[in-house]
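Everything below belongs to data_39.tsv, which stores TSV, C-alpha atoms.
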```tsv
chain	number	residue	atom	x	y	z
J	1	MET	CA	26.88	73.47	2.70
J	2	PRO	CA	28.25	71.57	5.72
J	3	VAL	CA	26.89	68.04	6.38
J	4	ASP	CA	25.54	67.15	9.80
J	5	THR	CA	27.57	64.03	10.67
J	6	THR	CA	25.27	63.23	13.59
J	7	THR	CA	22.30	62.87	11.24
J	8	VAL	CA	24.31	60.68	8.86
J	9	LYS	CA	25.36	58.39	11.71
J	10	GLN	CA	21.77	58.07	12.88
J	11	ALA	CA	20.56	57.24	9.34
J	12	THR	CA	23.19	54.51	8.85
J	13	PRO	CA	21.88	51.12	10.07
J	14	ALA	CA	23.96	49.31	12.64
J	15	PRO	CA	25.89	46.29	11.33
J	16	LEU	CA	24.15	42.98	11.88
J	17	SER	CA	25.66	40.30	14.07
J	18	ASN	CA	26.52	36.88	12.65
J	19	ALA	CA	23.46	35.32	14.30
J	20	ALA	CA	21.20	38.00	12.82
J	21	ARG	CA	22.72	37.46	9.36
J	22	ARG	CA	22.09	33.70	9.57
J	23	LYS	CA	18.52	34.29	10.73
J	24	ARG	CA	17.89	36.70	7.86
J	25	ALA	CA	19.42	34.27	5.34
J	26	ARG	CA	17.11	31.50	6.55
J	27	SER	CA	14.09	33.77	6.00
J	28	TYR	CA	14.63	33.65	2.21
J	29	GLY	CA	13.92	30.76	-0.15
J	30	ALA	CA	11.31	28.01	-0.03
J	31	LEU	CA	9.47	27.33	3.20
J	32	GLY	CA	10.59	24.47	5.40
J	33	GLN	CA	14.17	24.32	4.14
J	34	GLY	CA	16.98	22.99	6.29
J	35	SER	CA	18.17	19.74	7.83
J	36	THR	CA	15.83	17.80	10.12
J	37	TRP	CA	18.08	14.94	11.23
J	38	VAL	CA	18.51	16.35	14.76
J	39	ILE	CA	14.74	16.74	15.23
J	40	SER	CA	14.11	13.28	13.78
J	41	SER	CA	16.78	11.69	15.99
J	42	VAL	CA	15.33	13.30	19.12
J	43	THR	CA	11.84	12.15	18.12
J	44	VAL	CA	13.00	8.53	17.70
J	45	VAL	CA	14.85	8.60	21.05
J	46	VAL	CA	11.79	10.01	22.83
J	47	LEU	CA	9.50	7.36	21.32
J	48	LEU	CA	11.90	4.56	22.28
J	49	GLY	CA	12.12	6.01	25.78
J	50	LEU	CA	8.33	6.08	26.11
J	51	TRP	CA	8.14	2.49	24.84
J	52	TRP	CA	10.75	1.35	27.37
J	53	LEU	CA	9.06	3.26	30.20
J	54	ALA	CA	5.59	1.88	29.41
J	55	THR	CA	6.84	-1.72	29.41
J	56	THR	CA	9.17	-1.33	32.40
J	57	MET	CA	6.45	0.25	34.55
J	58	HIS	CA	3.99	-2.45	33.38
J	59	TRP	CA	1.48	0.11	32.13
J	60	ILE	CA	0.77	-2.27	29.22
J	61	LYS	CA	0.82	-6.05	29.39
J	62	PRO	CA	3.64	-7.80	27.45
J	63	LEU	CA	1.03	-9.63	25.36
J	64	PHE	CA	-0.07	-6.31	23.87
J	65	LEU	CA	3.28	-4.49	23.87
J	66	PRO	CA	6.50	-6.41	24.53
J	67	SER	CA	9.56	-4.55	25.77
J	68	PRO	CA	12.28	-3.29	23.40
J	69	ALA	CA	14.61	-5.96	24.83
J	70	SER	CA	12.12	-8.75	23.99
J	71	THR	CA	11.65	-7.37	20.49
J	72	PHE	CA	15.42	-7.20	19.94
J	73	LYS	CA	15.77	-10.77	21.24
J	74	ALA	CA	13.12	-11.86	18.71
J	75	PHE	CA	15.13	-10.07	16.00
J	76	VAL	CA	18.30	-11.96	16.93
J	77	SER	CA	16.40	-15.27	17.02
J	78	ALA	CA	14.90	-14.54	13.59
J	79	LEU	CA	18.37	-13.84	12.19
J	80	GLN	CA	19.40	-17.31	13.38
J	81	GLY	CA	16.38	-18.91	11.71
J	82	GLN	CA	14.43	-19.57	14.90
J	83	THR	CA	11.05	-18.71	13.38
J	84	GLN	CA	8.08	-20.67	12.11
J	85	GLY	CA	9.40	-22.89	9.31
J	86	ASP	CA	13.04	-22.34	10.41
J	87	THR	CA	13.49	-19.70	7.70
J	88	PRO	CA	16.17	-17.08	8.48
J	89	LEU	CA	15.08	-13.45	8.58
J	90	ALA	CA	17.44	-12.59	5.71
J	91	GLN	CA	15.56	-15.00	3.44
J	92	HIS	CA	12.19	-13.54	4.49
J	93	VAL	CA	13.52	-10.04	3.69
J	94	LEU	CA	14.97	-11.06	0.32
J	95	ILE	CA	11.75	-12.74	-0.79
J	96	SER	CA	9.59	-9.77	0.26
J	97	ILE	CA	11.90	-7.21	-1.38
J	98	THR	CA	11.87	-9.25	-4.59
J	99	ARG	CA	8.07	-9.30	-4.64
J	100	VAL	CA	7.68	-5.58	-3.91
J	101	MET	CA	10.41	-4.39	-6.27
J	102	SER	CA	9.29	-6.66	-9.12
J	103	ALA	CA	5.75	-5.30	-8.87
J	104	PHE	CA	6.98	-1.72	-8.48
J	105	LEU	CA	9.31	-1.82	-11.49
J	106	LEU	CA	6.55	-3.39	-13.58
J	107	ALA	CA	4.24	-0.56	-12.48
J	108	VAL	CA	6.85	2.07	-13.42
J	109	VAL	CA	7.29	0.77	-16.98
J	110	THR	CA	3.52	0.57	-17.52
J	111	ALA	CA	1.87	3.23	-15.34
J	112	VAL	CA	4.16	6.12	-16.33
J	113	PRO	CA	3.46	5.76	-20.08
J	114	VAL	CA	-0.26	5.36	-19.33
J	115	GLY	CA	-0.22	8.50	-17.17
J	116	ILE	CA	1.64	10.47	-19.83
J	117	ALA	CA	-0.82	9.27	-22.47
J	118	MET	CA	-3.73	10.30	-20.24
J	119	GLY	CA	-2.20	13.76	-19.84
J	120	THR	CA	-1.49	14.29	-23.53
J	121	SER	CA	-4.43	12.55	-25.23
J	122	ARG	CA	-8.12	12.95	-24.47
J	123	ILE	CA	-8.79	9.55	-26.08
J	124	ALA	CA	-6.36	7.80	-23.75
J	125	ARG	CA	-7.75	9.76	-20.80
J	126	GLY	CA	-11.30	8.79	-21.71
J	127	ILE	CA	-10.35	5.10	-21.87
J	128	ALA	CA	-8.03	4.74	-18.87
J	129	ASP	CA	-9.40	7.30	-16.42
J	130	PRO	CA	-12.70	5.57	-15.54
J	131	LEU	CA	-10.98	2.20	-15.16
J	132	ILE	CA	-8.30	3.54	-12.82
J	133	GLU	CA	-10.73	5.68	-10.85
J	134	PHE	CA	-13.01	2.66	-10.40
J	135	TYR	CA	-10.48	0.27	-8.89
J	136	ARG	CA	-8.20	2.84	-7.19
J	137	PRO	CA	-10.37	3.22	-4.02
J	138	LEU	CA	-10.85	-0.54	-3.67
J	139	PRO	CA	-8.80	-2.17	-0.88
J	140	PRO	CA	-6.52	-4.95	-2.16
J	141	LEU	CA	-8.28	-7.54	0.02
J	142	ALA	CA	-11.48	-6.86	-1.94
J	143	TYR	CA	-10.12	-8.22	-5.23
J	144	LEU	CA	-7.63	-10.67	-3.72
J	145	PRO	CA	-10.04	-13.66	-4.05
J	146	LEU	CA	-10.60	-12.83	-7.73
J	147	ILE	CA	-6.85	-12.71	-8.40
J	148	VAL	CA	-6.45	-16.10	-6.69
J	149	ILE	CA	-9.20	-17.56	-8.90
J	150	TRP	CA	-7.59	-16.15	-12.04
J	151	LEU	CA	-3.89	-16.71	-11.30
J	152	GLY	CA	-3.78	-19.39	-8.62
J	153	ILE	CA	-1.64	-19.20	-5.47
J	154	ASP	CA	1.86	-18.92	-6.94
J	155	GLU	CA	4.11	-15.85	-7.13
J	156	SER	CA	2.19	-14.25	-10.01
J	157	ALA	CA	-0.84	-13.65	-7.78
J	158	LYS	CA	1.25	-11.93	-5.09
J	159	VAL	CA	3.15	-9.74	-7.56
J	160	THR	CA	-0.06	-8.83	-9.40
J	161	LEU	CA	-1.75	-7.71	-6.18
J	162	ILE	CA	1.19	-5.44	-5.28
J	163	TYR	CA	1.41	-4.25	-8.89
J	164	LEU	CA	-2.22	-3.12	-8.91
J	165	ALA	CA	-1.65	-1.24	-5.64
J	166	CYS	CA	1.34	0.60	-7.18
J	167	PHE	CA	-0.17	1.23	-10.62
J	168	ALA	CA	-3.01	3.65	-9.81
J	169	PRO	CA	-1.12	6.29	-7.75
J	170	LEU	CA	1.78	6.27	-10.20
J	171	ALA	CA	-0.47	6.69	-13.25
J	172	MET	CA	-2.42	9.51	-11.57
J	173	ALA	CA	0.78	11.30	-10.53
J	174	SER	CA	2.17	11.04	-14.06
J	175	LYS	CA	-1.03	12.45	-15.50
J	176	ALA	CA	-1.00	15.30	-12.97
J	177	GLY	CA	2.62	16.06	-13.84
J	178	VAL	CA	1.83	16.30	-17.54
J	179	ARG	CA	-1.23	18.47	-16.94
J	180	SER	CA	0.82	20.87	-14.79
J	181	VAL	CA	3.19	21.80	-17.65
J	182	ALA	CA	2.83	25.46	-18.57
J	183	VAL	CA	1.10	26.05	-21.90
J	184	GLU	CA	3.65	28.79	-22.69
J	185	GLN	CA	6.46	26.21	-22.68
J	186	ILE	CA	4.56	23.96	-25.09
J	187	ASN	CA	3.68	26.85	-27.42
J	188	ALA	CA	7.28	28.09	-27.36
J	189	ALA	CA	8.54	24.67	-28.45
J	190	ARG	CA	5.93	24.45	-31.19
J	191	SER	CA	6.82	27.92	-32.45
J	192	LEU	CA	10.37	26.67	-32.93
J	193	GLY	CA	9.06	23.83	-35.12
J	194	ALA	CA	9.01	20.99	-32.58
J	195	SER	CA	6.83	18.00	-33.39
J	196	ASN	CA	4.39	16.49	-30.87
J	197	TRP	CA	6.90	13.77	-29.98
J	198	GLN	CA	9.65	16.36	-29.46
J	199	VAL	CA	7.32	18.45	-27.28
J	200	ILE	CA	6.58	15.40	-25.12
J	201	ARG	CA	10.22	14.29	-24.91
J	202	LEU	CA	11.92	17.66	-24.48
J	203	VAL	CA	9.28	19.76	-22.67
J	204	VAL	CA	6.58	17.64	-21.07
J	205	LEU	CA	8.72	14.85	-19.59
J	206	PRO	CA	11.30	17.10	-17.85
J	207	ALA	CA	8.54	19.34	-16.48
J	208	ALA	CA	6.48	16.37	-15.27
J	209	LEU	CA	9.45	14.53	-13.75
J	210	PRO	CA	9.03	15.95	-10.20
J	211	GLU	CA	5.42	14.75	-10.05
J	212	ILE	CA	6.40	11.36	-11.51
J	213	LEU	CA	9.13	10.83	-8.92
J	214	THR	CA	6.75	11.83	-6.13
J	215	GLY	CA	4.26	9.32	-7.52
J	216	MET	CA	6.97	6.65	-7.47
J	217	ARG	CA	7.60	7.30	-3.77
J	218	ILE	CA	3.88	7.08	-3.03
J	219	ALA	CA	3.52	3.92	-5.15
J	220	ILE	CA	6.35	2.06	-3.40
J	221	GLY	CA	4.67	2.92	-0.10
J	222	PHE	CA	1.42	1.38	-1.32
J	223	GLY	CA	3.43	-1.67	-2.39
J	224	TRP	CA	4.77	-2.22	1.11
J	225	THR	CA	1.34	-1.73	2.68
J	226	THR	CA	-0.08	-4.38	0.33
J	227	LEU	CA	2.73	-6.84	1.03
J	228	VAL	CA	1.07	-8.51	4.03
J	229	ALA	CA	-2.17	-8.99	2.08
J	230	ALA	CA	-0.23	-10.44	-0.86
J	231	GLU	CA	1.63	-12.89	1.36
J	232	MET	CA	-1.64	-14.17	2.81
J	233	VAL	CA	-2.01	-16.17	-0.41
J	234	ALA	CA	-0.43	-19.52	0.56
J	235	ALA	CA	3.00	-17.99	1.15
J	236	THR	CA	5.65	-20.02	2.96
J	237	ALA	CA	8.15	-17.18	3.35
J	238	GLY	CA	8.24	-13.40	3.43
J	239	ILE	CA	8.06	-10.79	6.17
J	240	GLY	CA	4.29	-10.49	5.91
J	241	GLN	CA	3.90	-14.25	6.17
J	242	MET	CA	6.23	-14.30	9.18
J	243	VAL	CA	4.14	-11.60	10.90
J	244	LEU	CA	0.87	-13.42	10.17
J	245	ASN	CA	2.27	-16.71	11.45
J	246	ALA	CA	3.50	-15.04	14.64
J	247	SER	CA	0.09	-13.46	15.24
J	248	ASN	CA	-1.53	-16.90	15.14
J	249	PHE	CA	0.71	-17.97	18.04
J	250	LEU	CA	0.35	-14.65	19.92
J	251	ARG	CA	4.05	-13.86	19.39
J	252	THR	CA	3.64	-10.11	19.70
J	253	ASP	CA	7.40	-9.60	19.90
J	254	VAL	CA	7.86	-11.17	16.46
J	255	VAL	CA	4.92	-9.17	15.09
J	256	ILE	CA	6.39	-5.86	16.25
J	257	MET	CA	9.85	-6.91	15.08
J	258	GLY	CA	8.44	-7.67	11.61
J	259	ILE	CA	6.62	-4.33	11.53
J	260	VAL	CA	9.84	-2.51	12.44
J	261	VAL	CA	11.78	-4.39	9.74
J	262	ILE	CA	9.19	-3.53	7.09
J	263	GLY	CA	9.23	0.11	8.18
J	264	LEU	CA	13.04	0.31	8.08
J	265	LEU	CA	13.19	-1.33	4.65
J	266	ALA	CA	10.55	1.03	3.26
J	267	TYR	CA	12.30	4.03	4.81
J	268	GLY	CA	15.66	2.97	3.35
J	269	ILE	CA	14.19	2.66	-0.14
J	270	ASP	CA	12.50	6.04	0.25
J	271	VAL	CA	15.83	7.64	1.23
J	272	LEU	CA	17.43	6.20	-1.91
J	273	MET	CA	14.59	7.57	-4.02
J	274	ARG	CA	15.01	11.01	-2.43
J	275	LYS	CA	18.69	10.98	-3.37
J	276	MET	CA	17.76	9.96	-6.90
J	277	GLU	CA	15.26	12.82	-6.96
J	278	VAL	CA	17.97	15.33	-5.97
J	279	ARG	CA	20.22	14.10	-8.79
J	280	LEU	CA	17.53	13.97	-11.49
J	281	ILE	CA	15.73	17.22	-10.67
J	282	PRO	CA	18.23	19.52	-8.89
J	283	TRP	CA	16.09	22.53	-9.81
J	284	LYS	CA	13.11	21.40	-7.72
J	285	GLY	CA	12.22	24.03	-5.10
J	286	LYS	CA	14.64	26.57	-6.60
J	287	MET	CA	12.45	28.03	-9.35
```
Would you kindly transcribe this structure into structure tokens?
Amino acid sequence: MPVDTTTVKQATPAPLSNAARRKRARSYGALGQGSTWVISSVTVVVLLGLWWLATTMHWIKPLFLPSPASTFKAFVSALQGQTQGDTPLAQHVLISITRVMSAFLLAVVTAVPVGIAMGTSRIARGIADPLIEFYRPLPPLAYLPLIVIWLGIDESAKVTLIYLACFAPLAMASKAGVRSVAVEQINAARSLGASNWQVIRLVVLPAALPEILTGMRIAIGFGWTTLVAAEMVAATAGIGQMVLNASNFLRTDVVIMGIVVIGLLAYGIDVLMRKMEVRLIPWKGKM
């Protein structure tokens, strides 16, 4: 029987263009995939432009919002040590990073095991859960006086305050990661003769690692937000102390410069943690 070639040609779909193929390829996979550096760069440029325009047109008084040029000049002066106490900015940064990272690392080695214990043991969950849930909503300034009474005004009080701010979100994230492990994976390991310790080490920890790393990123953010409160305790150096000192003298340019420095430091650490996340859990978002 002869074939109608016209019908065959009509039934055959037209080849897609390169742009259509790329658009179709982007429609598969997890939502929100793709690079955002162009969008982020444009956003930063627009915000800087609005800041410059608002100060140049005198829409806001310099006391409330100094110009980008004044803020940059304050940054250069701080690098040269022309701040309260004649402490260079690099020393302020080093002291603050040491405080935050010491507290954060201490929280990692204590909060992660506590969170895993809470997720794997009802006894541990019954003991730790009410304590963490009680102090977790409290602002650090609420228990700052008590920490000063207990530990004095040296470095231990500052590190402890930041440590407590990091501990709760990291412990809760670790517990959530353990509780999210599929029961089928645990039962499969047990059916192969795995002990409880082997189940935790070989099944629970790898499955909970994405939640734990997310909790670490959240915890380090809480550490930076608590830094200024921690450096209120008789500190002579540190970015938070520099910002507080500048506010007492109405040096808004130094205040904004300090805020920008803290934000850039926190963002840099977060970028490093994202890269670590990609290396440790390359399967995230692909399963």
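Between Ala111 (chain J) and the residues J:Lys175, J:Arg274, J:Arg201, J:Arg217, the shortest atom-to-atom distance, using only C-alpha atoms, involves J:Lys175.
The residue that comes closest to Glu211 (chain J), out of J:Leu151, J:Val254, J:Leu141, J:Ile116 and on the basis of all atoms listed in the file, is J:Ile116.
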Worksheet item: Just how far from CA of Asn245 (chain J) is CA of Ala69 (chain J), in Å to one decimal?
Response: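 Between CA of Ala69 (chain J) and CA of Asn245 (chain J) the gap is 21.1 Å.
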Test item: axis-aligned box, all listed atoms of region 176-191 of chain J, 4 Å on each side, centre and edges in Å rounded to one decimal, as JSON:
```
{"center_x": 3.7, "center_y": 22.0, "center_z": -22.7, "size_x": 17.8, "size_y": 21.5, "size_z": 27.5}
```
Worksheet entry | Exercise: Thr55 (chain J) partners within 6 Å, only C-alpha atoms, chain neighbours under 3 positions left out, as a PyMOL selection string | chain J and resi 52+58+67
Discussion item. Using all atoms listed in the file, can you tell me which of J:Val243, J:Val183, J:Val38, J:Leu205 comes closest to Val261 (chain J)?
Written reply: J:Val243
Worksheet item: Near Leu138 (chain J), within 12 Å and counting only C-alpha atoms, which residues show up once chain neighbours fewer than 5 positions away are dropped, as number ranges by chain?
Response: J: 131-133, 143-144, 161, 164-165, 168
Can you sort out region 124-158 of chain J so it carries N, CA and C atoms, written as a CSV table (one decimal), in the coordinates of the input?
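Output below, filename out_27.csv:
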```
chain,number,residue,atom,x,y,z
J,124,ALA,N,-6.9,8.7,-24.8
J,124,ALA,CA,-6.4,7.8,-23.8
J,124,ALA,C,-6.9,8.1,-22.4
J,125,ARG,N,-7.2,9.4,-22.1
J,125,ARG,CA,-7.8,9.8,-20.8
J,125,ARG,C,-9.2,9.2,-20.7
J,126,GLY,N,-9.9,9.3,-21.8
J,126,GLY,CA,-11.3,8.8,-21.7
J,126,GLY,C,-11.4,7.3,-21.5
J,127,ILE,N,-10.4,6.6,-22.0
J,127,ILE,CA,-10.4,5.1,-21.9
J,127,ILE,C,-9.8,4.7,-20.5
J,128,ALA,N,-8.7,5.2,-20.1
J,128,ALA,CA,-8.0,4.7,-18.9
J,128,ALA,C,-8.6,5.3,-17.6
J,129,ASP,N,-9.0,6.6,-17.6
J,129,ASP,CA,-9.4,7.3,-16.4
J,129,ASP,C,-10.5,6.6,-15.7
J,130,PRO,N,-11.6,6.2,-16.3
J,130,PRO,CA,-12.7,5.6,-15.5
J,130,PRO,C,-12.3,4.2,-15.0
J,131,LEU,N,-11.4,3.5,-15.7
J,131,LEU,CA,-11.0,2.2,-15.2
J,131,LEU,C,-10.1,2.4,-13.9
J,132,ILE,N,-9.2,3.3,-14.0
J,132,ILE,CA,-8.3,3.5,-12.8
J,132,ILE,C,-9.1,4.1,-11.6
J,133,GLU,N,-10.0,5.1,-11.9
J,133,GLU,CA,-10.7,5.7,-10.8
J,133,GLU,C,-11.7,4.7,-10.2
J,134,PHE,N,-12.1,3.7,-11.0
J,134,PHE,CA,-13.0,2.7,-10.4
J,134,PHE,C,-12.3,1.8,-9.4
J,135,TYR,N,-11.1,1.3,-9.8
J,135,TYR,CA,-10.5,0.3,-8.9
J,135,TYR,C,-9.5,0.9,-7.9
J,136,ARG,N,-9.2,2.2,-8.1
J,136,ARG,CA,-8.2,2.8,-7.2
J,136,ARG,C,-8.7,2.9,-5.7
J,137,PRO,N,-10.0,3.2,-5.4
J,137,PRO,CA,-10.4,3.2,-4.0
J,137,PRO,C,-10.6,1.9,-3.4
J,138,LEU,N,-10.6,0.8,-4.2
J,138,LEU,CA,-10.8,-0.5,-3.7
J,138,LEU,C,-9.7,-1.0,-2.8
J,139,PRO,N,-9.9,-1.6,-1.7
J,139,PRO,CA,-8.8,-2.2,-0.9
J,139,PRO,C,-8.3,-3.5,-1.6
J,140,PRO,N,-7.0,-3.8,-1.5
J,140,PRO,CA,-6.5,-5.0,-2.2
J,140,PRO,C,-7.2,-6.2,-1.7
J,141,LEU,N,-7.6,-6.3,-0.4
J,141,LEU,CA,-8.3,-7.5,0.0
J,141,LEU,C,-9.6,-7.8,-0.7
J,142,ALA,N,-10.2,-6.7,-1.3
J,142,ALA,CA,-11.5,-6.9,-1.9
J,142,ALA,C,-11.4,-7.7,-3.2
J,143,TYR,N,-10.3,-7.5,-4.0
J,143,TYR,CA,-10.1,-8.2,-5.2
J,143,TYR,C,-9.1,-9.3,-5.1
J,144,LEU,N,-8.6,-9.6,-3.9
J,144,LEU,CA,-7.6,-10.7,-3.7
J,144,LEU,C,-8.2,-12.0,-4.1
J,145,PRO,N,-9.5,-12.4,-3.7
J,145,PRO,CA,-10.0,-13.7,-4.0
J,145,PRO,C,-10.1,-13.8,-5.6
J,146,LEU,N,-10.5,-12.7,-6.3
J,146,LEU,CA,-10.6,-12.8,-7.7
J,146,LEU,C,-9.2,-13.1,-8.4
J,147,ILE,N,-8.2,-12.5,-7.9
J,147,ILE,CA,-6.8,-12.7,-8.4
J,147,ILE,C,-6.4,-14.2,-8.2
J,148,VAL,N,-6.8,-14.7,-7.0
J,148,VAL,CA,-6.4,-16.1,-6.7
J,148,VAL,C,-7.2,-17.0,-7.7
J,149,ILE,N,-8.4,-16.7,-8.0
J,149,ILE,CA,-9.2,-17.6,-8.9
J,149,ILE,C,-8.6,-17.5,-10.3
J,150,TRP,N,-8.2,-16.3,-10.7
J,150,TRP,CA,-7.6,-16.2,-12.0
J,150,TRP,C,-6.2,-16.7,-12.2
J,151,LEU,N,-5.3,-16.4,-11.2
J,151,LEU,CA,-3.9,-16.7,-11.3
J,151,LEU,C,-3.4,-17.8,-10.4
J,152,GLY,N,-4.2,-18.3,-9.5
J,152,GLY,CA,-3.8,-19.4,-8.6
J,152,GLY,C,-3.1,-18.8,-7.4
J,153,ILE,N,-2.3,-19.6,-6.7
J,153,ILE,CA,-1.6,-19.2,-5.5
J,153,ILE,C,-0.1,-19.1,-5.6
J,154,ASP,N,0.4,-19.0,-6.8
J,154,ASP,CA,1.9,-18.9,-6.9
J,154,ASP,C,2.3,-17.5,-6.9
J,155,GLU,N,3.5,-17.2,-7.3
J,155,GLU,CA,4.1,-15.8,-7.1
J,155,GLU,C,3.4,-14.8,-8.0
J,156,SER,N,2.8,-15.2,-9.1
J,156,SER,CA,2.2,-14.2,-10.0
J,156,SER,C,1.0,-13.6,-9.3
J,157,ALA,N,0.3,-14.3,-8.5
J,157,ALA,CA,-0.8,-13.6,-7.8
J,157,ALA,C,-0.4,-12.6,-6.8
J,158,LYS,N,0.7,-12.9,-6.1
J,158,LYS,CA,1.2,-11.9,-5.1
J,158,LYS,C,1.8,-10.7,-5.8
```
